[in-house]
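Text of the file my_file.cif, holding mmCIF, C-alpha atoms and all ligand atoms:
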```cif
data_my_file
loop_
_atom_site.group_PDB
_atom_site.id
_atom_site.type_symbol
_atom_site.label_atom_id
_atom_site.label_comp_id
_atom_site.auth_asym_id
_atom_site.auth_seq_id
_atom_site.Cartn_x
_atom_site.Cartn_y
_atom_site.Cartn_z
ATOM 1 C CA MET H 1 108.767 284.777 29.982
ATOM 2 C CA ILE H 2 105.853 287.085 30.868
ATOM 3 C CA ASN H 3 104.253 288.779 27.862
ATOM 4 C CA VAL H 4 102.961 292.268 28.544
ATOM 5 C CA ILE H 5 100.999 294.887 26.624
ATOM 6 C CA LEU H 6 101.278 298.450 27.889
ATOM 7 C CA LEU H 7 98.329 300.767 27.358
ATOM 8 C CA GLY H 8 99.352 304.406 27.767
ATOM 9 C CA PHE H 9 102.796 305.876 27.330
ATOM 10 C CA GLY H 10 102.804 308.790 29.762
ATOM 11 C CA ASN H 11 105.008 309.131 32.850
ATOM 12 C CA VAL H 12 104.280 305.643 34.205
ATOM 13 C CA GLY H 13 104.041 303.884 30.831
ATOM 14 C CA HIS H 14 107.393 305.324 29.812
ATOM 15 C CA HIS H 15 109.137 304.183 33.037
ATOM 16 C CA LEU H 16 107.507 300.734 32.931
ATOM 17 C CA TYR H 17 108.638 300.375 29.323
ATOM 18 C CA LYS H 18 112.248 301.207 30.236
ATOM 19 C CA ALA H 19 112.315 298.860 33.250
ATOM 20 C CA MET H 20 110.604 296.006 31.368
ATOM 21 C CA GLU H 21 112.893 296.382 28.359
ATOM 22 C CA ALA H 22 115.836 295.856 30.711
ATOM 23 C CA SER H 23 114.346 292.681 32.252
ATOM 24 C CA ALA H 24 115.215 289.329 30.650
ATOM 25 C CA GLY H 25 112.007 287.727 31.970
ATOM 26 C CA ILE H 26 109.581 290.229 30.434
ATOM 27 C CA ALA H 27 108.618 290.721 26.792
ATOM 28 C CA ILE H 28 106.613 293.806 25.838
ATOM 29 C CA VAL H 29 104.553 292.470 22.973
ATOM 30 C CA GLN H 30 102.929 295.769 21.993
ATOM 31 C CA ILE H 31 102.268 299.289 23.214
ATOM 32 C CA TYR H 32 98.944 301.044 22.766
ATOM 33 C CA ASN H 33 98.893 304.830 22.882
ATOM 34 C CA ARG H 34 96.471 307.385 21.464
ATOM 35 C CA SER H 35 99.291 309.315 19.813
ATOM 36 C CA SER H 36 102.211 307.635 18.048
ATOM 37 C CA ILE H 37 105.432 307.102 20.024
ATOM 38 C CA LYS H 38 108.805 307.979 18.543
ATOM 39 C CA ASP H 39 112.068 306.058 19.003
ATOM 40 C CA ILE H 40 110.724 302.687 20.084
ATOM 41 C CA THR H 41 111.151 299.450 18.163
ATOM 42 C CA ILE H 42 108.300 297.581 19.865
ATOM 43 C CA PRO H 43 105.125 297.205 17.768
ATOM 44 C CA GLN H 44 102.663 299.935 18.616
ATOM 45 C CA THR H 45 99.042 300.618 17.848
ATOM 46 C CA GLN H 46 96.677 303.560 18.227
ATOM 47 C CA ASP H 47 93.706 301.275 17.799
ATOM 48 C CA LEU H 48 92.388 299.229 20.734
ATOM 49 C CA SER H 49 90.692 296.776 18.364
ATOM 50 C CA LYS H 50 94.139 295.784 17.081
ATOM 51 C CA LEU H 51 95.550 294.607 20.419
ATOM 52 C CA ALA H 52 97.660 291.435 20.317
ATOM 53 C CA LYS H 53 97.577 288.600 22.879
ATOM 54 C CA ALA H 54 99.475 288.895 26.177
ATOM 55 C CA ASP H 55 99.616 287.427 29.681
ATOM 56 C CA VAL H 56 98.843 290.820 31.196
ATOM 57 C CA TYR H 57 97.509 294.142 29.910
ATOM 58 C CA ILE H 58 98.702 297.136 31.935
ATOM 59 C CA ILE H 59 96.536 300.258 31.693
ATOM 60 C CA ALA H 60 98.633 303.335 32.554
ATOM 61 C CA VAL H 61 96.291 306.180 31.571
ATOM 62 C CA PRO H 62 94.979 309.021 33.794
ATOM 63 C CA ASP H 63 92.680 307.845 36.601
ATOM 64 C CA ASP H 64 89.487 309.193 35.057
ATOM 65 C CA SER H 65 90.124 307.335 31.765
ATOM 66 C CA ILE H 66 90.801 303.876 33.269
ATOM 67 C CA ALA H 67 87.136 302.801 33.209
ATOM 68 C CA THR H 68 86.608 303.853 29.570
ATOM 69 C CA VAL H 69 89.817 302.260 28.279
ATOM 70 C CA SER H 70 89.131 298.996 30.141
ATOM 71 C CA GLU H 71 85.553 298.941 28.801
ATOM 72 C CA GLU H 72 86.786 299.500 25.234
ATOM 73 C CA LEU H 73 89.218 296.550 25.300
ATOM 74 C CA PRO H 74 88.246 294.010 22.635
ATOM 75 C CA MET H 75 89.208 290.809 24.519
ATOM 76 C CA ARG H 76 87.442 288.917 27.299
ATOM 77 C CA ASN H 77 88.716 287.006 30.319
ATOM 78 C CA ALA H 78 92.286 288.342 29.948
ATOM 79 C CA LEU H 79 94.249 289.715 32.912
ATOM 80 C CA VAL H 80 93.862 293.517 32.894
ATOM 81 C CA VAL H 81 95.434 295.721 35.560
ATOM 82 C CA HIS H 82 95.792 299.432 36.186
ATOM 83 C CA THR H 83 98.652 301.330 37.843
ATOM 84 C CA SER H 84 96.780 303.841 39.990
ATOM 85 C CA GLY H 85 97.090 304.376 43.730
ATOM 86 C CA GLY H 86 93.703 306.012 44.115
ATOM 87 C CA VAL H 87 91.382 303.989 41.874
ATOM 88 C CA SER H 88 89.593 300.858 43.076
ATOM 89 C CA LEU H 89 89.907 297.504 41.307
ATOM 90 C CA ASN H 90 86.142 297.599 40.631
ATOM 91 C CA THR H 91 86.650 300.527 38.245
ATOM 92 C CA LEU H 92 88.028 298.051 35.696
ATOM 93 C CA SER H 93 85.492 296.414 33.389
ATOM 94 C CA GLU H 94 84.183 293.058 34.589
ATOM 95 C CA LYS H 95 84.573 291.475 31.167
ATOM 96 C CA ASN H 96 88.233 290.742 31.996
ATOM 97 C CA ARG H 97 90.091 289.324 35.020
ATOM 98 C CA ARG H 98 90.981 292.353 37.103
ATOM 99 C CA GLY H 99 94.081 293.343 39.005
ATOM 100 C CA ILE H 100 96.310 296.171 40.205
ATOM 101 C CA PHE H 101 99.982 296.839 39.528
ATOM 102 C CA TYR H 102 100.694 300.073 41.429
ATOM 103 C CA PRO H 103 104.299 301.296 41.575
ATOM 104 C CA LEU H 104 104.508 303.493 44.673
ATOM 105 C CA GLN H 105 106.737 306.262 43.366
ATOM 106 C CA THR H 106 106.500 309.647 41.668
ATOM 107 C CA PHE H 107 107.295 309.480 37.956
ATOM 108 C CA SER H 108 108.090 312.196 35.457
ATOM 109 C CA LYS H 109 109.201 311.357 31.936
ATOM 110 C CA ASN H 110 112.407 313.372 32.183
ATOM 111 C CA THR H 111 113.682 312.048 35.531
ATOM 112 C CA ASP H 112 115.350 308.679 36.056
ATOM 113 C CA VAL H 113 114.386 306.511 38.999
ATOM 114 C CA PRO H 114 115.915 303.115 39.881
ATOM 115 C CA PHE H 115 112.904 300.837 39.371
ATOM 116 C CA ASN H 116 114.291 298.023 41.540
ATOM 117 C CA THR H 117 113.829 300.239 44.653
ATOM 118 C CA ILE H 118 110.150 300.978 43.990
ATOM 119 C CA PRO H 119 107.556 299.068 46.054
ATOM 120 C CA ILE H 120 105.026 297.489 43.722
ATOM 121 C CA CYS H 121 101.569 296.987 45.237
ATOM 122 C CA VAL H 122 99.617 294.177 43.623
ATOM 123 C CA GLU H 123 96.055 292.952 43.912
ATOM 124 C CA ALA H 124 94.012 290.473 41.892
ATOM 125 C CA GLU H 125 90.645 288.758 42.067
ATOM 126 C CA GLN H 126 92.083 285.342 41.289
ATOM 127 C CA GLU H 127 94.939 283.608 43.074
ATOM 128 C CA HIS H 128 96.850 282.573 39.919
ATOM 129 C CA ASP H 129 96.650 286.170 38.624
ATOM 130 C CA LEU H 130 98.062 287.436 41.911
ATOM 131 C CA GLU H 131 100.955 284.983 41.550
ATOM 132 C CA LEU H 132 101.618 286.205 38.007
ATOM 133 C CA LEU H 133 101.575 289.858 39.103
ATOM 134 C CA GLU H 134 103.953 289.032 41.973
ATOM 135 C CA SER H 135 106.323 287.280 39.554
ATOM 136 C CA LEU H 136 106.119 290.253 37.188
ATOM 137 C CA GLY H 137 106.758 292.636 40.085
ATOM 138 C CA PHE H 138 109.800 290.717 41.307
ATOM 139 C CA LEU H 139 111.310 290.853 37.799
ATOM 140 C CA LEU H 140 111.283 294.654 38.179
ATOM 141 C CA SER H 141 111.691 295.376 41.880
ATOM 142 C CA GLU H 142 112.995 294.017 45.166
ATOM 143 C CA THR H 143 109.720 294.916 46.928
ATOM 144 C CA VAL H 144 106.359 293.522 45.869
ATOM 145 C CA VAL H 145 103.435 293.546 48.317
ATOM 146 C CA GLU H 146 99.867 292.321 48.141
ATOM 147 C CA ILE H 147 97.641 295.260 49.104
ATOM 148 C CA SER H 148 93.835 295.488 49.047
ATOM 149 C CA SER H 149 92.069 298.377 47.288
ATOM 150 C CA GLU H 150 91.182 299.804 50.723
ATOM 151 C CA GLU H 151 94.794 299.637 51.961
ATOM 152 C CA ARG H 152 96.007 301.122 48.674
ATOM 153 C CA ALA H 153 93.638 304.092 49.111
ATOM 154 C CA THR H 154 95.201 304.726 52.543
ATOM 155 C CA LEU H 155 98.729 304.383 51.162
ATOM 156 C CA HIS H 156 97.851 306.775 48.354
ATOM 157 C CA LEU H 157 96.528 309.319 50.868
ATOM 158 C CA ALA H 158 99.775 309.046 52.856
ATOM 159 C CA ALA H 159 101.759 309.352 49.608
ATOM 160 C CA VAL H 160 100.013 312.658 48.835
ATOM 161 C CA PHE H 161 101.337 314.007 52.164
ATOM 162 C CA VAL H 162 104.943 312.803 51.782
ATOM 163 C CA ASN H 163 105.256 313.625 48.101
ATOM 164 C CA ASN H 164 102.739 316.092 46.654
ATOM 165 C CA PHE H 165 102.287 318.297 49.726
ATOM 166 C CA THR H 166 105.997 318.198 50.608
ATOM 167 C CA ASN H 167 106.850 319.243 47.069
ATOM 168 C CA HIS H 168 104.331 322.077 47.286
ATOM 169 C CA LEU H 169 106.046 323.244 50.485
ATOM 170 C CA TYR H 170 109.332 323.305 48.497
ATOM 171 C CA GLN H 171 107.498 325.486 45.960
ATOM 172 C CA ILE H 172 106.387 327.877 48.724
ATOM 173 C CA ALA H 173 109.961 328.062 50.038
ATOM 174 C CA ALA H 174 111.193 328.758 46.492
ATOM 175 C CA ASP H 175 108.629 331.601 46.147
ATOM 176 C CA ILE H 176 109.511 333.108 49.535
ATOM 177 C CA THR H 177 113.259 333.079 48.809
ATOM 178 C CA SER H 178 113.043 334.279 45.212
ATOM 179 C CA GLU H 179 110.824 337.198 46.341
ATOM 180 C CA LYS H 180 113.801 338.438 48.400
ATOM 181 C CA ASN H 181 116.475 337.373 45.876
ATOM 182 C CA ILE H 182 117.828 334.651 48.145
ATOM 183 C CA ASN H 183 119.289 331.544 46.529
ATOM 184 C CA PHE H 184 116.944 328.520 47.020
ATOM 185 C CA GLU H 185 120.001 326.251 46.561
ATOM 186 C CA LEU H 186 121.050 327.165 50.132
ATOM 187 C CA LEU H 187 118.087 325.137 51.430
ATOM 188 C CA LYS H 188 118.895 321.921 49.555
ATOM 189 C CA PRO H 189 121.183 320.300 52.191
ATOM 190 C CA LEU H 190 118.352 320.865 54.698
ATOM 191 C CA VAL H 191 115.874 319.178 52.354
ATOM 192 C CA THR H 192 118.202 316.179 51.963
ATOM 193 C CA GLU H 193 118.874 315.881 55.693
ATOM 194 C CA THR H 194 115.145 316.072 56.540
ATOM 195 C CA ALA H 195 114.502 313.052 54.299
ATOM 196 C CA ARG H 196 117.626 311.202 55.489
ATOM 197 C CA LYS H 197 116.719 311.493 59.185
ATOM 198 C CA ILE H 198 113.494 309.503 58.868
ATOM 199 C CA GLU H 199 115.471 306.587 57.387
ATOM 200 C CA SER H 200 116.399 305.659 60.956
ATOM 201 C CA LEU H 201 113.925 307.459 63.244
ATOM 202 C CA PRO H 202 110.133 308.017 63.258
ATOM 203 C CA PRO H 203 109.051 311.491 62.006
ATOM 204 C CA SER H 204 107.594 312.361 65.434
ATOM 205 C CA GLU H 205 111.033 312.017 67.033
ATOM 206 C CA VAL H 206 112.900 314.270 64.615
ATOM 207 C CA GLN H 207 110.461 317.201 64.434
ATOM 208 C CA THR H 208 112.209 320.509 65.219
ATOM 209 C CA GLY H 209 111.381 324.217 64.718
ATOM 210 C CA PRO H 210 109.429 327.038 66.372
ATOM 211 C CA ALA H 211 106.092 325.147 66.415
ATOM 212 C CA LYS H 212 107.624 322.152 68.180
ATOM 213 C CA ARG H 213 109.480 324.435 70.655
ATOM 214 C CA LYS H 214 106.306 326.509 71.183
ATOM 215 C CA ASP H 215 108.414 329.578 70.370
ATOM 216 C CA GLN H 216 105.474 332.003 70.070
ATOM 217 C CA LYS H 217 107.672 335.068 69.389
ATOM 218 C CA THR H 218 109.197 333.528 66.246
ATOM 219 C CA ILE H 219 105.817 332.189 65.118
ATOM 220 C CA GLU H 220 104.297 335.715 65.375
ATOM 221 C CA LYS H 221 107.247 337.129 63.411
ATOM 222 C CA HIS H 222 106.796 334.575 60.619
ATOM 223 C CA LEU H 223 103.032 335.184 60.485
ATOM 224 C CA LYS H 224 103.696 338.929 60.140
ATOM 225 C CA LEU H 225 106.115 338.296 57.259
ATOM 226 C CA LEU H 226 103.413 336.215 55.559
ATOM 227 C CA GLU H 227 100.635 338.788 56.035
ATOM 228 C CA GLY H 228 98.515 339.228 52.900
ATOM 229 C CA THR H 229 99.838 336.013 51.310
ATOM 230 C CA PRO H 230 97.952 332.714 50.855
ATOM 231 C CA TYR H 231 100.814 330.961 52.675
ATOM 232 C CA ARG H 232 99.904 332.461 56.074
ATOM 233 C CA SER H 233 96.981 330.062 56.609
ATOM 234 C CA ILE H 234 99.173 327.100 55.590
ATOM 235 C CA TYR H 235 101.812 328.166 58.147
ATOM 236 C CA GLN H 236 99.099 328.476 60.806
ATOM 237 C CA ALA H 237 97.496 325.112 59.975
ATOM 238 C CA LEU H 238 100.838 323.263 60.019
ATOM 239 C CA THR H 239 101.928 324.981 63.238
ATOM 240 C CA ASN H 240 98.618 323.996 64.818
ATOM 241 C CA SER H 241 98.979 320.403 63.582
ATOM 242 C CA ILE H 242 102.533 320.106 64.974
ATOM 243 C CA GLN H 243 101.412 321.481 68.366
ATOM 244 C CA HIS H 244 98.017 319.854 68.758
ATOM 245 C CA GLY H 245 97.830 317.168 66.033
ATOM 246 C CA LYS H 246 96.336 313.982 67.365
ATOM 247 C CA LYS H 247 96.714 310.439 66.141
ATOM 248 C CA LEU H 248 93.851 309.302 63.868
HETATM 249 N N1 LIG O 301 102.890 309.950 37.577
HETATM 250 C C1 LIG O 301 103.049 309.358 38.727
HETATM 251 O O1 LIG O 301 103.885 309.768 39.532
HETATM 252 C C2 LIG O 301 102.245 308.114 39.064
HETATM 253 C C3 LIG O 301 102.733 307.279 40.078
HETATM 254 C C4 LIG O 301 102.058 306.078 40.367
HETATM 255 C C5 LIG O 301 100.887 305.789 39.661
HETATM 256 N N2 LIG O 301 100.417 306.652 38.714
HETATM 257 C C6 LIG O 301 99.181 306.275 37.971
HETATM 258 O O2 LIG O 301 99.526 305.820 36.686
HETATM 259 C C7 LIG O 301 98.500 306.190 35.739
HETATM 260 C C8 LIG O 301 99.121 306.998 34.611
HETATM 261 O O3 LIG O 301 99.654 308.185 35.154
HETATM 262 P P1 LIG O 301 100.709 309.043 34.306
HETATM 263 O O4 LIG O 301 101.299 310.027 35.246
HETATM 264 O O5 LIG O 301 101.610 308.138 33.529
HETATM 265 O O6 LIG O 301 99.724 309.784 33.307
HETATM 266 P P2 LIG O 301 100.143 310.684 32.061
HETATM 267 O O7 LIG O 301 101.595 310.973 32.079
HETATM 268 O O8 LIG O 301 99.167 311.782 32.024
HETATM 269 O O9 LIG O 301 99.950 309.690 30.821
HETATM 270 C C9 LIG O 301 98.736 309.473 30.275
HETATM 271 C C10 LIG O 301 98.842 308.498 29.113
HETATM 272 O O10 LIG O 301 97.525 308.026 28.889
HETATM 273 C C11 LIG O 301 97.094 308.410 27.609
HETATM 274 N N3 LIG O 301 95.705 308.826 27.711
HETATM 275 C C12 LIG O 301 95.194 309.915 28.330
HETATM 276 N N4 LIG O 301 93.862 309.914 28.261
HETATM 277 C C13 LIG O 301 93.524 308.816 27.567
HETATM 278 C C14 LIG O 301 92.285 308.281 27.114
HETATM 279 N N5 LIG O 301 91.125 308.871 27.416
HETATM 280 N N6 LIG O 301 92.315 307.140 26.387
HETATM 281 C C15 LIG O 301 93.470 306.543 26.086
HETATM 282 N N7 LIG O 301 94.676 306.996 26.475
HETATM 283 C C16 LIG O 301 94.687 308.119 27.200
HETATM 284 C C17 LIG O 301 98.001 309.523 27.153
HETATM 285 O O11 LIG O 301 98.045 309.456 25.754
HETATM 286 P P3 LIG O 301 98.462 310.710 24.820
HETATM 287 O O12 LIG O 301 99.968 310.662 24.822
HETATM 288 O O13 LIG O 301 97.872 310.427 23.511
HETATM 289 O O14 LIG O 301 97.893 311.931 25.501
HETATM 290 C C18 LIG O 301 99.314 309.119 27.832
HETATM 291 O O15 LIG O 301 99.972 308.140 27.086
HETATM 292 C C19 LIG O 301 97.440 306.924 36.545
HETATM 293 O O16 LIG O 301 96.447 306.019 36.916
HETATM 294 C C20 LIG O 301 98.202 307.408 37.781
HETATM 295 O O17 LIG O 301 97.357 307.548 38.918
HETATM 296 C C21 LIG O 301 101.077 307.798 38.399
#
```

Turn the structure described in the file into structure tokens.
Ligand SMILES: NC(=O)c1ccc[n+]([C@@H]2O[C@H](COP(=O)([O-])OP(=O)(O)OC[C@H]3O[C@@H](n4cnc5c(N)ncnc54)[C@H](OP(=O)(O)O)[C@@H]3O)[C@@H](O)[C@H]2O)c1
Amino acid sequence: MINVILLGFGNVGHHLYKAMEASAGIAIVQIYNRSSIKDITIPQTQDLSKLAKADVYIIAVPDDSIATVSEELPMRNALVVHTSGGVSLNTLSEKNRRGIFYPLQTFSKNTDVPFNTIPICVEAEQEHDLELLESLGFLLSETVVEISSEERATLHLAAVFVNNFTNHLYQIAADITSEKNINFELLKPLVTETARKIESLPPSEVQTGPAKRKDQKTIEKHLKLLEGTPYRSIYQALTNSIQHGKKL
């Protein structure tokens, strides 16, 4: 049995709690959160000085609060990890054994996601801690990988492109359609198919559209429709990247 204390009950903390509660090999000993949490039976505290003992302490607070929370922990030489893609292991206080437990997925409190499909990226300074984090990961997911802080930063950058930027492009499409009273729902099968295609083929092989075809007439038409909007420069930059983008 691996005993865990969760620190932070936001998007990630909430999903980790649900997945860990469902795992027979994990016991959540306590949850720390600044504000009190409703509808949970697990002991909780709002006071870091009242933390219990555990095999691993998982800090799931916003990136810019990780250093402060880890510094304020009362214990020493315990295994303390954070869940961020973009924050280095060195950000954690040196008074404890440091590690990373980064679930590579987008989490919102009100959406369900099957945790067993989420790659968990782990890192630790000590070999036995790495083994514990791998065991913990495999109790939650089918995919657990050891990734250095440098590799994780690269993965996080790539994740911003496939998730955050893609979602923003959905938002732009929603704005463009709603402006003309066109139902955004009509685009959803296209969204699904775009994601499905790269399951079996590399993105470079499935790119379509006016930029790829070098259809200048259509490109000019689209740019005219976007005149005076902030989206015109995004259209131009993406068109340019599709046509002339080079490998890094
Ligand atoms: N969301 C994602 O999709 C995602 C995916 C992978 C990794 N991550 C990483 O996971 C971590 C948590 O992200 P999140 O999306 O779960 O954040 P979040 O939803 O904003 O949750 C923040 C949690 O941290 C607490 N908190 C905020 N500031 C704090 C402070 N100064 N001291 C103590 N507690 C504080 C909040 O408590 P209150 O309730 O009291 O405000 C809340 O419980 C981040 O490092 C993020 O990079 C996020």

d(atom CA of Lys247 of chain H, atom CA of Ala153 of chain H) in Å |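 A separation of 18.4 Å between them.
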
Segment 159-175 of chain H: axis-aligned bounding box, 8 Å on each side, centre and edge lengths in Å, one decimal, as lines of an AutoDock Vina configuration file:
```
center_x = 105.6
center_y = 320.5
center_z = 49.1
size_x = 27.2
size_y = 38.2
size_z = 22.2
```

8 Å shell around ligand LIG 301 (chain O) using only C-alpha atoms and all ligand atoms, listed as a PyMOL selection string = chain H and resi 7-14+33-36+59-66+68-69+82-87+102-109

Proximity to Ile26 of chain H - best of H:Asp55, H:Glu151, H:Asp47, H:Asp112, all atoms listed in the file =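 Going through H:Asp55, H:Glu151, H:Asp47, H:Asp112 one by one, the smallest distance to Ile26 of chain H is for H:Asp55.
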
Name every residue that the PyMOL selection byres (((chain H and resi 115-124) around 10) and not hetatm) selects in this structure, writing the answer as a PyMOL selection string with chains first and numbers rising.
-> chain H and resi 15-16+18-20+79-85+89+97-106+112-114+125-134+136-149+151-152+155

Straight-line distance linking atom CA of Ser23 of chain H with atom CA of Ile5 of chain H, stated in Å to one decimal =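 If I compute the distance from atom CA of Ser23 of chain H to atom CA of Ile5 of chain H, I get 14.7 Å.
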
From the list H:His156, H:Val4, H:Lys38, H:Gln46, which residue is nearest Ala78 of chain H when using only C-alpha atoms?
-> H:Val4

So how many Å separate atom CA of Ala211 of chain H and atom CA of Thr177 of chain H, to one decimal?
-> 20.6 Å
